[in-house]
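Encoded as structure tokens, the structure appears first; notes follow it.
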Amino acid sequence: MTLFQDTTPWEVPNRQQGQEDGASRRAGATQGVAQVVVTALLVALSFAAGWFGYGAVNRTAVAQDPNERLILQAWSYIDQQYVITGAIDHKKMAYAAIDAMVKTLNDTAHSRFETPEELASEQNHLHNHPTVGIGVLLRGGGDKPWRIEAVIPGSPASKSNVRAGDLLMAVNGVAAQSKSFSDLHDLITGSANTSVILTLIRPSVSPTAAFDVAITRAAYTAPTVESFIVPGTQIADILLLDFSDKAHDELHKALKAALDQHVTGVILDLRNNGGGFLEQAVSVASEFIPAGKGKNVMITRDRNGQKPYTVESGGLAPNVPLAVLVNQGTASASEIVTGAIKVNRPEVHVVGEKTAGTGTILQTIYLADGSALVLGTSEWLLPNGQSIYHQGFQPDQPVTLSDDATLLTPIVVQEQSFTLQQIKASGDTQFLQALQDLTPQG
């Protein structure tokens, strides 16, 4: 499930709340990490400084590492000898080289290179600023149809005829089947006050009848937390969509409101939560874990050693019955929270599918033109010292969701005014398992 705005949240330390900035982190790095950064800087900066050009054949000797010299040598030959000179775009070359270097790290969907525009968009989301788009959540891709998972409250899509469960068949007449997220992103996003036409099928009405919905793109602010009390129960469902800089505050408010209604249990839904700020993960996890000596949310490990992050005191629900929902889109900060809760409270059920297994903590290192390396400069471990890097966190109650099921998020349930009977008939087997876990028996 992907939020159709300009970015997806990731695990990014917040420099304004005690995290080291890029300069201080680089200063303490060992030669190996510094080499990656220096190489990237050489490629990004050399063309701007006039380093490459005719007569530069011997300048590659300046590079100390033989592999670094290869990059400089290749750049020089392209710059000096490629016959169609109009096709040479130095910025594209630099960006492609840096992006390729990061991808060799195999820190899939985590460490990455970002253009100035991509970086600005990501920061915009993580700081809860309005974004321009239509406001839908999607699930699918590959050989599976794209499905509208939810419609963001207050977004342009929420004022249209788009409903959760609709199948996305085309965008502006271009077939959506087999399109990647990137392809759909380019088709759906655009400037404010421009229109996009979605061709949809509503399986609940007809499996084949397609219809068009025109939506005018506009600015909206996506929620960080949505919650509701499951009808006919005293169980609260709290959906945390990301770990932006308001995640803990919003979670705390939702949790307090639920406890004020004397709920007997809480479902914490972290499905498709791609992460966010590190300190937000620590604070969110601490709401559900008893504080005390030796109680940690996680342990970080970098090239200089290890550091524990202790559970913060004052959590509202350290003993409240709890179930946590996860899936393959649960990553970074949401994996930290899941692992911290399960290790410190073994009685809590984690329900769903194995998580993404990101395992690294990212540092944003700014390059000369405003682009950035978002680089995993440390690894985080579960409180018991276990690493989930490239392994993921395995739920103690594995439950796979069928392709045609719609996630029972608070957005969907409240939008469609579901009753308890409709919830039980929804097909969201993960949610229903968590509900069963928290429902008193007998």
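How things are named: the first chain in the structure tokens is A, the next is B, and so on; residues count from 1 in each chain; ligands count from 1 in the order shown.
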(message) Excluding stretch 165-172 of chain A and its own-chain neighbours fewer than 4 positions away, which residues fall within 10 Å of it when counting only C-alpha atoms? Please give them as a PyMOL selection string.
(response) chain A and resi 138-140+145-151+176-177+179+184+187-188+195-205+207+210-214+404-407+412
(request) Please identify all polymer residues within 12 Å of stretch 434-437 of chain A, counting only C-alpha atoms, omitting same-chain residues fewer than 4 positions from it, and present them as a ChimeraX atom specification. (result) /A:229-237,264-269,321-326,347-352,395-399,408,420,423-424,428-430,441
(request) Write down as a list in words the residues belonging to stretch 96-163 of chain A that are assigned alpha helix (DSSP H) by DSSP computed on the backbone. (result) Ala96, Ala97, Ile98, Asp99, Ala100, Met101, Val102, Lys103, Pro116, Glu117, Glu118, Leu119, Ala120, Ser121, Glu122, Gln123, Asn124, His125 and Leu126 of chain A
(request) Give me, please, the distance in Å between atom CA of A:Pro346 and atom CA of A:Ala247, quoted to one decimal. (result) 24.4 Å
(request) Work out how far atom CA of A:Ala109 is from atom CA of A:Tyr366, in Å to one decimal. (result)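 So the two atoms, atom CA of A:Tyr366 and atom CA of A:Ala109, lie 18.9 Å apart.
Atom pair atom CA of A:Gly385 / atom CA of A:Gln328 has a distance of 22.1 Å (rounded to one decimal).
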(request) Could you give me, as an MDAnalysis selection string, each residue of stretch 284-437 of chain A that DSSP assigns to strand (DSSP E) when run on this structure's backbone? (result) chainID A and resid 296:302 305:310 322:326 349:352 360:366 372:381 397:398
Taking 3 positions as the minimum chain separation for residues in the same chain, which residues sit within 12 Å of A:Ala254 when counting only C-alpha atoms? Answer as an mmCIF file with C-alpha atoms, in the first residue's frame.
data_model
loop_
_atom_site.group_PDB
_atom_site.id
_atom_site.type_symbol
_atom_site.label_atom_id
_atom_site.label_comp_id
_atom_site.auth_asym_id
_atom_site.auth_seq_id
_atom_site.Cartn_x
_atom_site.Cartn_y
_atom_site.Cartn_z
ATOM 1 C CA THR A 224 -0.592 10.333 10.770
ATOM 2 C CA VAL A 225 -3.008 8.468 13.048
ATOM 3 C CA GLU A 226 -6.570 7.240 12.561
ATOM 4 C CA SER A 227 -8.525 5.295 15.204
ATOM 5 C CA PHE A 228 -11.953 3.927 16.135
ATOM 6 C CA ILE A 229 -13.652 1.673 18.657
ATOM 7 C CA ALA A 236 -9.725 0.214 19.986
ATOM 8 C CA ASP A 237 -8.055 0.046 16.603
ATOM 9 C CA ILE A 238 -5.255 2.573 16.087
ATOM 10 C CA LEU A 239 -3.695 2.909 12.638
ATOM 11 C CA LEU A 240 -0.293 4.602 12.551
ATOM 12 C CA ALA A 247 3.561 10.563 15.202
ATOM 13 C CA HIS A 248 3.994 10.225 18.956
ATOM 14 C CA ASP A 249 1.809 13.211 19.807
ATOM 15 C CA GLU A 250 -0.995 11.929 17.593
ATOM 16 C CA LEU A 251 -0.644 8.357 18.853
ATOM 17 C CA ALA A 257 -9.045 8.962 24.003
ATOM 18 C CA ALA A 258 -9.419 5.180 23.753
ATOM 19 C CA LEU A 259 -8.454 4.598 27.377
ATOM 20 C CA ASP A 260 -10.874 7.325 28.472
ATOM 21 C CA GLN A 261 -13.582 5.154 26.909
ATOM 22 C CA VAL A 263 -11.313 -0.010 26.223
ATOM 23 C CA VAL A 266 -5.865 -2.107 21.586
ATOM 24 C CA ILE A 267 -5.011 -3.189 18.052
ATOM 25 C CA LEU A 268 -1.960 -1.266 16.816
ATOM 26 C CA VAL A 284 5.725 5.359 20.350
ATOM 27 C CA GLU A 287 3.710 3.993 25.255
ATOM 28 C CA LEU A 316 -0.114 5.150 28.775
ATOM 29 C CA ALA A 317 -0.598 1.472 27.936
ATOM 30 C CA PRO A 410 -10.228 3.150 10.592
#
Which residues are near A:Leu375? Cut-off 9 Å, only C-alpha atoms, ignore same chain within fewer than 5 positions. Put them as a JSON list (two decimals) with N, CA and C atoms, in the first residue's frame.
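Listed below is the output, around-v1.json:
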[["chain", "number", "residue", "atom", "x", "y", "z"],
["A", 102, "VAL", "N", 24.98, 3.44, -4.66],
["A", 102, "VAL", "CA", 24.16, 3.13, -3.49],
["A", 102, "VAL", "C", 23.46, 1.79, -3.67],
["A", 110, "HIS", "N", 15.96, 1.35, 1.19],
["A", 110, "HIS", "CA", 16.35, 2.09, 2.39],
["A", 110, "HIS", "C", 17.45, 3.07, 2.03],
["A", 111, "SER", "N", 18.74, 2.68, 2.07],
["A", 111, "SER", "CA", 19.78, 3.59, 1.62],
["A", 111, "SER", "C", 19.52, 3.95, 0.17],
["A", 112, "ARG", "N", 19.71, 5.23, -0.16],
["A", 112, "ARG", "CA", 19.35, 5.67, -1.50],
["A", 112, "ARG", "C", 19.97, 7.04, -1.79],
["A", 113, "PHE", "N", 19.92, 7.41, -3.06],
["A", 113, "PHE", "CA", 20.30, 8.75, -3.50],
["A", 113, "PHE", "C", 19.03, 9.52, -3.79],
["A", 360, "THR", "N", 18.57, -0.96, 9.07],
["A", 360, "THR", "CA", 19.57, 0.08, 9.19],
["A", 360, "THR", "C", 18.91, 1.41, 9.57],
["A", 361, "ILE", "N", 19.72, 2.29, 10.15],
["A", 361, "ILE", "CA", 19.27, 3.65, 10.48],
["A", 361, "ILE", "C", 19.96, 4.59, 9.51],
["A", 362, "LEU", "N", 19.18, 5.47, 8.92],
["A", 362, "LEU", "CA", 19.68, 6.31, 7.84],
["A", 362, "LEU", "C", 20.19, 7.66, 8.33],
["A", 363, "GLN", "N", 21.24, 8.11, 7.67],
["A", 363, "GLN", "CA", 21.78, 9.44, 7.89],
["A", 363, "GLN", "C", 21.71, 10.20, 6.58],
["A", 364, "THR", "N", 21.14, 11.40, 6.59],
["A", 364, "THR", "CA", 21.07, 12.22, 5.39],
["A", 364, "THR", "C", 22.36, 13.02, 5.25],
["A", 365, "ILE", "N", 23.09, 12.77, 4.18],
["A", 365, "ILE", "CA", 24.37, 13.43, 3.92],
["A", 365, "ILE", "C", 24.19, 14.31, 2.69]]
(message) When you count only C-alpha atoms, which of these residues is closest to A:Ser182: A:Asp79, A:Ala97, A:Thr338, A:Gly141?
(response)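 Smallest distance to A:Ser182 is found for A:Gly141.
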